[in-house]
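Shown here: input-v2.cif, mmCIF, C-alpha atoms.
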data_entry
loop_
_atom_site.label_atom_id
_atom_site.label_comp_id
_atom_site.auth_asym_id
_atom_site.auth_seq_id
_atom_site.Cartn_x
_atom_site.Cartn_y
_atom_site.Cartn_z
CA MET A 1 34.97 11.25 -32.49
CA THR A 2 33.52 14.68 -31.97
CA THR A 3 33.50 16.58 -28.71
CA ASP A 4 29.74 16.31 -28.66
CA THR A 5 29.70 12.50 -28.53
CA GLU A 6 32.36 12.57 -25.80
CA THR A 7 30.25 14.93 -23.74
CA ARG A 8 27.22 12.71 -24.19
CA ALA A 9 29.19 9.60 -23.22
CA ASP A 10 30.66 11.28 -20.13
CA ALA A 11 27.25 12.52 -19.04
CA TYR A 12 25.82 9.04 -19.42
CA LEU A 13 28.69 7.49 -17.47
CA ALA A 14 28.23 10.03 -14.68
CA GLU A 15 24.58 9.04 -14.41
CA VAL A 16 25.49 5.34 -14.30
CA ARG A 17 28.05 6.06 -11.58
CA ARG A 18 25.40 7.88 -9.58
CA HIS A 19 23.22 4.79 -9.64
CA LEU A 20 25.95 2.37 -8.64
CA GLN A 21 25.05 2.42 -4.96
CA GLY A 22 26.41 0.24 -2.25
CA LEU A 23 29.81 -0.41 -3.80
CA THR A 24 33.25 0.48 -2.56
CA ASP A 25 35.00 3.18 -4.58
CA ASP A 26 37.42 0.57 -5.90
CA GLU A 27 34.63 -1.65 -7.16
CA ARG A 28 32.91 1.28 -8.82
CA ASP A 29 36.08 2.51 -10.50
CA ASP A 30 36.86 -1.01 -11.61
CA LEU A 31 33.45 -1.43 -13.24
CA LEU A 32 33.46 1.98 -14.89
CA ASP A 33 37.07 1.84 -16.07
CA ASP A 34 36.13 -0.86 -18.50
CA LEU A 35 32.92 0.82 -19.53
CA THR A 36 34.35 4.26 -20.31
CA SER A 37 35.85 3.26 -23.65
CA HIS A 38 32.80 1.11 -24.40
CA VAL A 39 30.28 3.90 -23.90
CA HIS A 40 32.45 6.31 -25.88
CA GLN A 41 32.62 3.87 -28.74
CA VAL A 42 28.86 3.25 -28.69
CA ALA A 43 28.29 7.02 -28.71
CA ALA A 44 30.56 7.36 -31.73
CA ASP A 45 29.12 4.42 -33.69
CA ASP A 46 25.44 4.80 -32.91
CA GLU A 47 23.46 7.83 -34.01
CA ARG A 48 20.76 7.25 -31.42
CA PRO A 49 20.93 8.81 -27.96
CA LEU A 50 22.71 6.60 -25.43
CA GLU A 51 19.54 6.41 -23.35
CA GLU A 52 18.06 4.57 -26.30
CA SER A 53 20.95 2.38 -27.43
CA LEU A 54 22.10 1.43 -23.93
CA GLY A 55 18.88 1.99 -22.00
CA PRO A 56 18.27 4.41 -19.11
CA PRO A 57 21.40 4.86 -16.93
CA ARG A 58 19.57 3.55 -13.87
CA ALA A 59 18.57 0.32 -15.62
CA PHE A 60 22.07 0.03 -17.05
CA ALA A 61 23.59 0.32 -13.58
CA ALA A 62 21.14 -2.21 -12.14
CA GLU A 63 21.86 -4.70 -14.93
CA LEU A 64 25.58 -4.24 -14.44
CA LEU A 65 25.33 -4.91 -10.70
CA ALA A 66 23.08 -7.92 -11.13
CA SER A 67 25.18 -9.60 -13.82
CA ALA A 68 28.42 -8.88 -11.94
CA GLY A 69 26.94 -10.60 -8.90
CA LEU A 70 27.25 -7.40 -6.89
CA THR A 71 24.10 -6.69 -4.93
CA ALA A 72 22.92 -3.14 -4.60
CA GLU A 73 22.33 -3.54 -0.88
CA MET A 74 23.53 -1.19 1.80
CA PRO A 75 27.07 -1.67 3.09
CA VAL A 76 27.30 -4.49 5.59
CA ALA A 77 28.97 -2.46 8.32
CA ARG A 78 26.15 -1.03 10.38
CA ARG A 79 26.68 0.51 13.73
CA GLY A 80 24.81 1.04 16.98
CA LEU A 81 21.07 0.56 17.33
CA THR A 82 20.40 -0.16 13.67
CA ALA A 83 22.93 -2.98 13.68
CA ARG A 84 21.53 -4.55 16.84
CA ALA A 85 17.91 -4.23 15.67
CA ARG A 86 18.92 -5.69 12.33
CA LYS A 87 20.64 -8.60 14.03
CA GLN A 88 17.57 -9.37 16.14
CA ILE A 89 15.26 -9.16 13.13
CA ASP A 90 17.57 -11.47 11.20
CA ALA A 91 17.60 -13.93 14.11
CA ALA A 92 13.79 -13.85 14.35
CA VAL A 93 13.41 -14.40 10.61
CA GLU A 94 15.87 -17.27 10.82
CA ALA A 95 13.85 -18.86 13.64
CA ILE A 96 10.66 -18.61 11.59
CA ARG A 97 12.43 -20.03 8.57
CA ARG A 98 13.39 -23.16 10.51
CA GLN A 99 9.71 -24.15 10.71
CA PRO A 100 8.35 -25.58 7.45
CA ALA A 101 5.12 -23.59 7.78
CA GLY A 102 7.00 -20.41 8.63
CA ARG A 103 9.25 -20.90 5.65
CA ALA A 104 6.23 -21.32 3.39
CA VAL A 105 4.78 -18.02 4.64
CA LEU A 106 8.08 -16.17 4.27
CA ASP A 107 8.57 -17.50 0.76
CA PHE A 108 5.07 -16.37 -0.12
CA LEU A 109 5.54 -12.79 1.10
CA PRO A 110 7.45 -11.50 -1.96
CA GLU A 111 4.50 -12.61 -4.10
CA LEU A 112 2.33 -10.13 -2.21
CA GLN A 113 4.64 -7.22 -2.99
CA PRO A 114 2.86 -6.07 -6.16
CA ALA A 115 -0.43 -6.11 -4.24
CA TRP A 116 1.14 -3.92 -1.56
CA TRP A 117 2.33 -1.49 -4.27
CA LEU A 118 -1.25 -1.12 -5.50
CA VAL A 119 -2.70 -0.68 -2.02
CA ARG A 120 0.06 1.78 -1.16
CA GLY A 121 -0.96 4.04 -4.05
CA TRP A 122 -4.56 3.94 -2.91
CA LEU A 123 -3.65 4.73 0.70
CA LEU A 124 -1.40 7.64 -0.27
CA VAL A 125 -4.11 9.21 -2.43
CA TYR A 126 -6.43 8.94 0.55
CA LEU A 127 -3.90 10.63 2.76
CA LEU A 128 -3.24 13.41 0.26
CA THR A 129 -6.87 14.16 -0.57
CA ALA A 130 -8.50 13.97 2.86
CA ARG A 131 -9.00 17.41 4.34
CA SER A 132 -10.04 16.00 7.68
CA ASN A 133 -10.22 12.61 9.33
CA SER A 134 -13.94 12.29 8.73
CA ASP A 135 -13.29 12.63 5.00
CA PHE A 136 -11.62 9.26 5.17
CA THR A 137 -14.87 7.39 5.48
CA SER A 138 -17.43 9.67 3.89
CA SER A 139 -16.57 8.38 0.45
CA PHE A 140 -15.03 4.97 1.13
CA PRO A 141 -13.65 3.15 -0.86
CA PHE A 142 -12.68 6.09 -3.08
CA PRO A 143 -11.60 9.45 -1.73
CA GLU A 144 -13.43 12.49 -2.98
CA VAL A 145 -11.40 14.82 -5.17
CA LEU A 146 -13.05 18.19 -5.75
CA GLY A 147 -16.24 16.66 -4.40
CA SER A 148 -16.27 13.84 -6.91
CA TRP A 149 -15.48 10.22 -6.18
CA VAL A 150 -15.06 9.60 -9.92
CA LEU A 151 -12.07 11.97 -9.91
CA GLY A 152 -11.04 10.27 -6.68
CA GLY A 153 -11.13 6.89 -8.39
CA MET A 154 -8.99 8.24 -11.20
CA ALA A 155 -6.55 9.69 -8.67
CA VAL A 156 -6.36 6.28 -7.01
CA ALA A 157 -5.62 4.66 -10.38
CA VAL A 158 -2.82 7.14 -11.09
CA GLY A 159 -1.46 6.79 -7.55
CA SER A 160 -1.39 3.01 -7.81
CA ILE A 161 0.40 3.12 -11.16
CA LEU A 162 3.02 5.50 -9.77
CA SER A 163 3.42 3.34 -6.67
CA VAL A 164 3.95 0.22 -8.79
CA ARG A 165 6.49 2.04 -10.93
CA LEU A 166 8.31 3.09 -7.79
CA GLY A 167 8.27 -0.51 -6.56
CA ARG A 168 9.57 -1.86 -9.85
CA ARG A 169 12.63 0.35 -9.89
CA PRO A 170 15.66 -1.91 -10.14
CA THR A 171 17.56 -0.03 -7.45
CA ARG A 172 16.06 0.65 -4.09
CA THR A 173 15.06 4.26 -3.61
CA ARG A 174 16.51 5.69 -0.43
CA TRP A 175 13.42 7.61 0.69
CA ILE A 176 11.12 4.66 0.07
CA TRP A 177 10.60 4.26 3.83
CA VAL A 178 8.96 7.71 3.96
CA VAL A 179 6.45 6.60 1.33
CA ASN A 180 5.76 3.32 3.13
CA ALA A 181 5.43 5.02 6.52
CA ALA A 182 2.92 7.51 5.08
CA ALA A 183 0.90 4.68 3.56
CA ILE A 184 0.87 2.79 6.87
CA LEU A 185 -0.19 5.95 8.72
CA SER A 186 -3.02 6.37 6.23
CA ALA A 187 -4.07 2.74 6.78
CA VAL A 188 -4.13 3.20 10.56
CA VAL A 189 -6.28 6.34 10.35
CA LEU A 190 -8.56 4.70 7.79
CA VAL A 191 -9.12 1.57 9.87
CA GLY A 192 -9.75 3.70 12.96
CA GLU A 193 -12.28 5.90 11.17
CA LEU A 194 -14.07 2.96 9.60
CA ASN A 195 -14.41 1.33 13.00
CA ASP A 196 -15.77 4.53 14.52
CA GLY A 197 -18.36 4.74 11.81
CA ARG A 198 -19.48 1.14 11.84
CA THR A 199 -19.76 0.01 15.42
CA ILE A 200 -20.72 1.51 18.71
CA TYR A 201 -18.98 0.06 21.65
CA VAL A 202 -21.17 -0.56 24.65
CA ASP A 203 -19.20 -1.11 27.79
CA ALA A 204 -20.91 -3.74 29.86
CA THR A 205 -18.02 -4.85 31.99
CA ASP A 206 -20.23 -4.95 35.10
CA ALA A 207 -22.31 -7.64 33.44
CA GLY A 208 -19.21 -9.45 32.25
CA GLY A 209 -19.85 -8.94 28.58
CA THR A 210 -19.63 -6.47 25.72
CA VAL A 211 -22.09 -5.73 22.98
CA TYR A 212 -21.44 -4.34 19.53
CA ILE A 213 -24.46 -2.70 18.00
CA ASP A 214 -24.65 -1.70 14.39
CA PRO A 215 -25.60 1.99 14.35
CA ALA A 216 -27.83 1.31 11.36
CA TYR A 217 -30.35 0.07 13.94
CA ILE A 218 -30.02 3.06 16.18
CA PRO A 219 -32.41 5.89 15.28
CA GLU A 220 -31.24 9.44 14.86
CA PRO A 221 -30.80 11.31 18.10
CA GLY A 222 -34.20 12.59 19.19
CA LEU A 223 -34.80 15.29 21.72
CA GLN A 224 -31.77 16.60 23.48
CA HIS A 225 -30.94 18.98 26.25
CA SER A 226 -28.76 21.90 25.30
CA ASP A 227 -25.81 20.03 26.86
CA GLY A 228 -26.36 17.16 24.42
CA SER A 229 -27.72 14.65 26.93
CA PRO A 230 -30.66 12.75 25.44
CA ILE A 231 -34.31 13.18 26.44
CA THR A 232 -35.75 9.67 26.44
CA ASN A 233 -39.10 10.39 28.08
CA ILE A 234 -41.38 13.31 29.08
CA TYR A 235 -43.39 13.54 32.28
CA ALA A 236 -46.18 16.11 32.35
CA TYR A 237 -47.77 17.60 35.47
CA ASP A 238 -50.90 19.68 35.61
CA ALA A 239 -51.30 23.02 37.35
CA ASN A 240 -52.10 21.25 40.59
CA GLY A 241 -48.85 19.31 40.48
CA GLN A 242 -50.57 16.07 39.55
CA PRO A 243 -48.80 13.74 37.07
CA LEU A 244 -50.65 13.34 33.78
CA ASP A 245 -50.83 10.16 31.74
CA ARG A 246 -51.07 9.89 27.98
CA VAL A 247 -50.42 13.52 27.19
CA ARG A 248 -50.18 14.07 23.42
CA LEU A 249 -47.44 16.51 22.44
CA TYR A 250 -47.15 18.36 19.10
CA ASP A 251 -44.80 20.98 17.74
CA GLN A 252 -45.67 24.34 16.14
CA ASP A 253 -46.52 22.64 12.84
CA GLY A 254 -48.71 19.99 14.37
CA ARG A 255 -46.14 17.27 14.02
CA PRO A 256 -46.01 14.76 16.86
CA ILE A 257 -43.05 15.25 19.16
CA GLU A 258 -41.23 11.99 19.56
CA THR A 259 -38.35 10.95 21.71
CA TYR A 260 -36.20 8.09 20.63
CA PRO A 261 -35.34 5.87 23.52
CA GLY A 262 -31.73 4.86 23.15
CA TYR A 263 -30.07 3.84 26.37
CA ASP A 264 -30.66 4.48 30.02
CA ALA A 265 -28.04 6.03 32.26
CA ASN A 266 -26.44 2.62 32.78
CA GLY A 267 -26.06 2.00 29.06
CA LEU A 268 -28.94 -0.48 28.86
CA PRO A 269 -30.98 -0.35 25.66
CA LEU A 270 -34.59 0.81 26.20
CA ALA A 271 -37.77 -0.59 24.68
CA THR A 272 -41.07 1.33 24.55
CA GLU A 273 -44.44 -0.30 25.04
CA PRO A 274 -46.45 0.55 21.93
CA VAL A 275 -49.61 2.67 22.28
CA THR A 276 -52.36 2.19 19.70
CA GLY A 277 -54.89 4.91 18.88
CA ALA A 278 -58.62 4.36 18.37
CA ASP A 279 -57.97 4.30 14.62
CA GLY A 280 -55.57 1.39 15.07
CA MET A 281 -52.49 3.50 14.28
CA ASP A 282 -49.44 3.56 16.53
CA VAL A 283 -49.29 6.63 18.72
CA THR A 284 -45.75 7.73 19.29
CA ASN A 285 -46.28 10.95 21.19
CA ALA A 286 -48.36 9.89 24.19
CA TYR A 287 -46.30 10.72 27.27
CA PRO A 288 -44.92 9.45 29.50
CA LEU A 289 -43.72 6.48 27.44
CA HIS A 290 -43.85 3.17 29.21
CA GLN A 291 -40.34 1.89 28.90
CA SER A 292 -38.37 -1.09 30.05
CA THR A 293 -34.77 -2.14 29.71
CA VAL A 294 -33.72 -4.74 27.15
CA ALA A 295 -31.54 -7.72 28.01
CA ARG A 296 -28.22 -7.50 26.22
CA PHE A 297 -27.71 -11.24 26.48
CA PRO A 298 -29.77 -14.16 27.78
CA GLY A 299 -30.17 -13.92 31.55
CA ASP A 300 -28.98 -10.30 31.74
CA PRO A 301 -29.97 -9.24 35.27
CA GLY A 302 -30.36 -5.64 34.09
CA GLY A 303 -32.85 -6.57 31.39
CA ASN A 304 -36.66 -6.43 31.33
CA GLN A 305 -36.86 -3.94 34.17
CA PRO A 306 -39.56 -1.24 33.86
CA VAL A 307 -38.10 2.25 33.94
CA ALA A 308 -39.28 4.03 37.07
CA PRO A 309 -40.43 7.63 36.69
CA PRO A 310 -38.26 10.33 38.22
CA ILE A 311 -39.20 11.52 41.66
CA ILE A 312 -40.58 14.99 41.07
CA VAL A 313 -42.40 17.40 43.31
CA ALA A 314 -44.08 19.84 40.94
CA PRO A 315 -45.42 22.77 42.98
CA PRO A 316 -48.95 23.91 42.01
CA LEU A 317 -49.15 26.93 39.71
CA PRO A 318 -51.26 30.03 40.21
CA PRO A 319 -54.39 30.22 38.02
CA ALA A 320 -53.89 30.99 34.33
CA GLY A 321 -53.85 34.68 33.41
CA THR A 322 -51.80 35.83 36.36
CA ALA A 323 -48.59 34.30 34.99
CA PRO A 324 -46.40 36.69 33.00
CA SER A 325 -47.04 36.39 29.27
CA THR A 326 -44.33 34.69 27.26
CA THR A 327 -45.91 35.70 23.97
CA VAL A 328 -43.53 37.56 21.73
CA PRO A 329 -45.30 40.72 20.53
CA GLY A 330 -46.38 40.46 16.91
CA SER A 331 -45.84 36.72 16.68
CA ASP A 332 -48.54 34.30 15.77
CA ALA A 333 -49.00 32.36 18.96
CA SER A 334 -52.19 30.57 17.98
CA PRO A 335 -52.00 26.81 18.40
CA PRO A 336 -51.66 24.62 15.32
CA THR A 337 -54.75 22.89 13.99
CA THR A 338 -54.51 19.20 14.70
CA VAL A 339 -57.13 16.50 14.65
CA GLN A 340 -56.89 14.51 17.83
CA VAL A 341 -57.57 10.82 17.69
CA PRO A 342 -58.59 9.73 21.17
CA VAL A 343 -56.33 7.23 22.91
CA PRO A 344 -58.49 4.51 24.42
CA MET B 1 8.68 -16.96 -23.08
CA ASP B 2 10.99 -14.07 -22.28
CA PRO B 3 14.33 -14.62 -24.09
CA SER B 4 16.13 -12.26 -21.71
CA GLN B 5 15.26 -14.61 -18.81
CA LEU B 6 16.75 -17.56 -20.68
CA LEU B 7 19.79 -15.50 -21.56
CA LYS B 8 20.55 -14.78 -17.90
CA GLY B 9 21.22 -18.44 -17.26
CA VAL B 10 23.50 -19.00 -20.24
CA LEU B 11 25.28 -15.68 -20.67
CA ASP B 12 28.35 -16.96 -18.77
CA LEU B 13 28.65 -19.83 -21.19
CA ALA B 14 28.06 -17.61 -24.26
CA VAL B 15 30.73 -15.12 -23.17
CA LEU B 16 33.22 -17.90 -22.41
CA ALA B 17 32.55 -19.41 -25.83
CA VAL B 18 33.09 -16.10 -27.64
CA VAL B 19 36.33 -15.32 -25.78
CA ALA B 20 37.58 -18.92 -26.15
CA ASP B 21 37.17 -18.53 -29.90
CA ASP B 22 39.40 -15.46 -29.92
CA ASP B 23 40.60 -12.97 -27.30
CA ALA B 24 38.41 -9.92 -27.37
CA TYR B 25 37.61 -6.61 -25.66
CA GLY B 26 34.19 -5.75 -24.27
CA TYR B 27 32.77 -3.85 -27.21
CA ASP B 28 33.86 -6.60 -29.56
CA ILE B 29 32.36 -9.32 -27.34
CA VAL B 30 28.98 -7.54 -27.32
CA ARG B 31 29.13 -7.19 -31.11
CA ARG B 32 30.03 -10.86 -31.64
CA LEU B 33 27.28 -12.09 -29.32
CA ARG B 34 24.75 -10.00 -31.26
CA GLU B 35 26.06 -11.20 -34.59
CA ALA B 36 25.76 -14.79 -33.37
CA GLY B 37 22.04 -14.17 -32.85
CA LEU B 38 21.74 -12.93 -29.28
CA GLU B 39 20.38 -9.55 -30.43
CA ASP B 40 18.82 -8.74 -27.08
CA VAL B 41 21.98 -9.06 -25.03
CA GLY B 42 22.54 -5.96 -22.90
CA ASP B 43 25.86 -4.12 -22.88
CA ALA B 44 25.73 -3.88 -19.11
CA SER B 45 25.03 -7.62 -18.72
CA VAL B 46 28.08 -8.49 -20.78
CA TYR B 47 30.35 -6.17 -18.81
CA GLY B 48 29.00 -7.45 -15.51
CA THR B 49 29.49 -11.02 -16.65
CA LEU B 50 33.04 -10.29 -17.82
CA ARG B 51 33.90 -8.83 -14.44
CA ARG B 52 32.42 -11.80 -12.58
CA LEU B 53 34.19 -14.36 -14.77
CA PHE B 54 37.42 -12.41 -14.29
CA GLN B 55 37.00 -12.41 -10.50
CA ALA B 56 36.21 -16.14 -10.57
CA GLY B 57 39.48 -16.79 -12.42
CA SER B 58 37.87 -17.96 -15.66
CA LEU B 59 39.21 -15.01 -17.60
CA SER B 60 42.46 -13.06 -17.63
CA SER B 61 42.97 -9.65 -19.14
CA TYR B 62 45.65 -7.60 -20.83
CA VAL B 63 45.72 -4.07 -22.14
CA VAL B 64 46.45 -3.27 -25.77
CA PRO B 65 47.16 0.30 -26.86
CA SER B 66 44.77 1.51 -29.50
CA ASP B 67 45.50 3.88 -32.38
CA GLU B 68 42.14 5.55 -32.00
CA GLY B 69 40.92 6.40 -28.52
CA PRO B 70 41.86 4.82 -25.19
CA HIS B 71 43.59 1.52 -24.47
CA ARG B 72 41.54 -1.62 -24.84
CA LYS B 73 41.26 -4.31 -22.22
CA TYR B 74 41.34 -7.68 -23.89
CA TYR B 75 40.06 -10.82 -22.23
CA ALA B 76 41.40 -14.35 -22.61
CA VAL B 77 40.12 -17.66 -21.23
CA THR B 78 42.30 -19.20 -18.49
CA PRO B 79 42.72 -22.98 -18.00
CA ALA B 80 40.08 -22.75 -15.23
CA GLY B 81 37.85 -21.00 -17.77
CA ARG B 82 38.35 -23.83 -20.26
CA THR B 83 37.25 -26.34 -17.61
CA ALA B 84 34.22 -24.19 -16.82
CA LEU B 85 33.40 -24.01 -20.53
CA THR B 86 33.63 -27.80 -20.90
CA THR B 87 31.45 -28.45 -17.84
CA GLY B 88 28.99 -25.76 -18.91
CA THR B 89 28.76 -27.19 -22.39
CA LYS B 90 27.93 -30.64 -20.99
CA THR B 91 25.29 -29.18 -18.69
CA TRP B 92 23.78 -27.23 -21.54
CA ARG B 93 23.72 -30.24 -23.92
CA HIS B 94 21.99 -32.37 -21.31
CA PHE B 95 19.48 -29.61 -20.53
CA ALA B 96 18.76 -28.98 -24.20
CA ASP B 97 18.31 -32.72 -24.88
CA VAL B 98 15.88 -33.09 -21.98
CA LEU B 99 13.85 -30.11 -23.09
CA ASP B 100 13.88 -31.21 -26.73
CA ALA B 101 12.51 -34.60 -25.67
CA LEU B 102 9.87 -32.97 -23.50
CA LEU B 103 8.77 -30.65 -26.28
CA ALA B 104 8.67 -33.51 -28.78
CA THR B 105 6.35 -35.47 -26.44
CA ALA B 106 4.13 -32.44 -26.08
CA LYS B 107 4.01 -32.01 -29.85
CA GLU B 108 2.84 -35.60 -30.37
CA ALA B 109 0.16 -35.16 -27.75
CA ALA B 110 -1.05 -31.93 -29.33
#

Represent the structure from my file as structure tokens, please.
Amino acid sequence: MTTDTETRADAYLAEVRRHLQGLTDDERDDLLDDLTSHVHQVAADDERPLEESLGPPRAFAAELLASAGLTAEMPVARRGLTARARKQIDAAVEAIRRQPAGRAVLDFLPELQPAWWLVRGWLLVYLLTARSNSDFTSSFPFPEVLGSWVLGGMAVAVGSILSVRLGRRPTRTRWIWVVNAAAILSAVVLVGELNDGRTIYVDATDAGGTVYIDPAYIPEPGLQHSDGSPITNIYAYDANGQPLDRVRLYDQDGRPIETYPGYDANGLPLATEPVTGADGMDVTNAYPLHQSTVARFPGDPGGNQPVAPPIIVAPPLPPAGTAPSTTVPGSDASPPTTVQVPVP
Amino acid sequence: MDPSQLLKGVLDLAVLAVVADDDAYGYDIVRRLREAGLEDVGDASVYGTLRRLFQAGSLSSYVVPSDEGPHRKYYAVTPAGRTALTTGTKTWRHFADVLDALLATAKEAA
């Protein structure tokens, strides 16, 4: 026996010892005592590396524990909070197990473990690749890696494989709870973000009900004040302070200016009475819009009420020409060319 | 079918049989099991099984000085081990007969 084989055998044994967790020192010494001469002899007789002839030290240790009937669990003596929490969990599990249905569910749980390993890999890749919370949903179900969801999909595949390998380790990894906690955190953020993106919550507690509205049916925000509050309607007054009806508004390019009625101040959805031009086309920029509230549920007392115009006292203006000019020097302030279709 | 799964259930019996044939030390037991045809048997499984059978009182051990290298721990079957071997043999025979019959029925059907 050369010194080299002895060194190899001792190194292998040290690795096996490292993986014999959850045993008393006596038990460990007892197991390894026997094995020392064995491993040395294998090293001397077999040309191959010990990792090949005997398998990886970790697997060797796990096999040894399993066949010796020694579980690799944590020592039984737990103290303080952990022990009490453990006891209560055990009692709860025992109570569930007494029911036939509960027992069936509990027995089924281990079958789901591989599925959890896969999902865990996916969740961790999400957590690692998202630069901000909104990134979570922008590319669901695959995270974007370097702006590509194809790379993201590949990252998810690799992550899932690694997660499964971690789960299949014969001995329990000590820091596994960190991995699981991170995956659960990722799941919580993901579910929260998906909910934010998919549904808008309308509080209607005063009416005794709640409504979920899919934002796919809500148009883009239209006109807004600088503080972000929506402009749902426009009331025009002439120079004499008289309200005008059916005023057509256009922007600098001749495009009709439209407001999108969303909700009134009480959160009630708004409906606009359609206006049809002489050419039969819908006119969307004739102000003020004639709006009414929409019932959120049958018999909603807040529904089908016409929206009253604001109470405005518009003071008359001095004749045109005396007002200070707002024209920016050098700018083209000529009005856009639009063809007006009369509103009947 | 995974032979290593089958082996798990019968390794106790196989080890008892080998040691009952002649007292042996671990390395020798592994070698004899492999020579008998259980090529896939793991070194660690055999040592774990030896320890468990020893703790259960089915095996006893004694140390023999070796000319080359360290002392060797030999195992021998105790009277309790002989009983376990007899019972295990009966169980195995019955199991093997049942399965043989089952497989024969399946063969006729196929």

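For the pair CA of Ala155 (chain A) and CA of Pro110 (chain A), the separation is 26.3 Å.
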
With only C-alpha atoms considered, list every residue of chain A at most 8 Å from chain B, as number ranges by chain. A: 31, 34-35, 37-38, 41, 54, 60-61, 63-69

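Atom to atom, CA of Ser229 (chain A) and CA of Leu317 (chain A) stand 27.8 Å apart.
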
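Rounded to one decimal, CA of Asp90 (chain A) and CA of Trp177 (chain A) lie 18.7 Å from each other.
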
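When all atoms listed in the file are used to measure the gap to Gly254 (chain A), the shortest distance among A:Pro306, A:Gly102, A:Pro335, A:Gly267 belongs to A:Pro335.
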
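Within the file as shown, the PyMOL selection byres ((chain B and resi 32) around 12) identifies B:Ala14, B:Val15, B:Ala17, B:Val18, B:Val19, B:Asp21, B:Asp22, B:Asp23, B:Ala24, B:Tyr25, B:Gly26, B:Tyr27, B:Asp28, B:Ile29, B:Val30, B:Arg31, B:Leu33, B:Arg34, B:Glu35, B:Ala36, B:Gly37, B:Leu38, B:Glu39, B:Val41, B:Asp43, B:Val46.
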
Can you tell me, as a ChimeraX atom specification, what residues are no more than 9 Å from Leu162 (chain A) when counting all atoms listed in the file, ignoring any on the same chain fewer than 3 positions away? /A:117-118,121,157-159,165-167

List the residues matched by the PyMOL selection byres ((chain A and resi 241-248) around 12) in the displayed structure as number ranges by chain, ordered by chain and then by residue number. A: 233-240, 249-251, 254-258, 275-277, 283-290, 309-318, 338-344

Name all residues at most 9 Å from Leu32 (chain A) (count all atoms listed in the file; drop same-chain ones fewer than 5 positions away) and give them as an mmCIF file with C-alpha atoms, keeping the file's coordinate frame.
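Output file around-v5.cif follows:
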data_model
loop_
_atom_site.group_PDB
_atom_site.id
_atom_site.type_symbol
_atom_site.label_atom_id
_atom_site.label_comp_id
_atom_site.auth_asym_id
_atom_site.auth_seq_id
_atom_site.Cartn_x
_atom_site.Cartn_y
_atom_site.Cartn_z
ATOM 1 C CA LEU A 13 28.690 7.490 -17.470
ATOM 2 C CA VAL A 16 25.490 5.340 -14.300
ATOM 3 C CA ARG A 17 28.050 6.060 -11.580
ATOM 4 C CA GLU A 27 34.630 -1.650 -7.160
#

Which residues, named as in the file, does the PyMOL selection byres ((chain B and resi 88) around 12) pick out? Answer as a PyMOL selection string. chain B and resi 9-17+81-87+89-96

What are the centre and the three edge lengths of an axis-aligned box that wraps all atoms of region 29-33 of chain B in the file, given that 6 Å is added to every side, written as JSON and rounded to one decimal in Å?
{"center_x": 29.8, "center_y": -9.6, "center_z": -29.5, "size_x": 17.1, "size_y": 16.9, "size_z": 16.3}

List every protein, DNA or RNA residue with an atom no more than 12 Å from (11.4, -18.9, 5.0) in the file's coordinates, counting all atoms listed in the file, and format the result as a list in words. Asp90, Ala92, Val93, Glu94, Ala95, Ile96, Arg97, Arg98, Gln99, Pro100, Ala101, Gly102, Arg103, Ala104, Val105, Leu106, Asp107, Phe108, Leu109 and Pro110 of chain A

Spatial neighbours of Gly152 (chain A), max dist 7 Å, all atoms listed in the file, sep filter under 4 positions, as a VMD selection string: chain A and resid 142 to 145 148 156
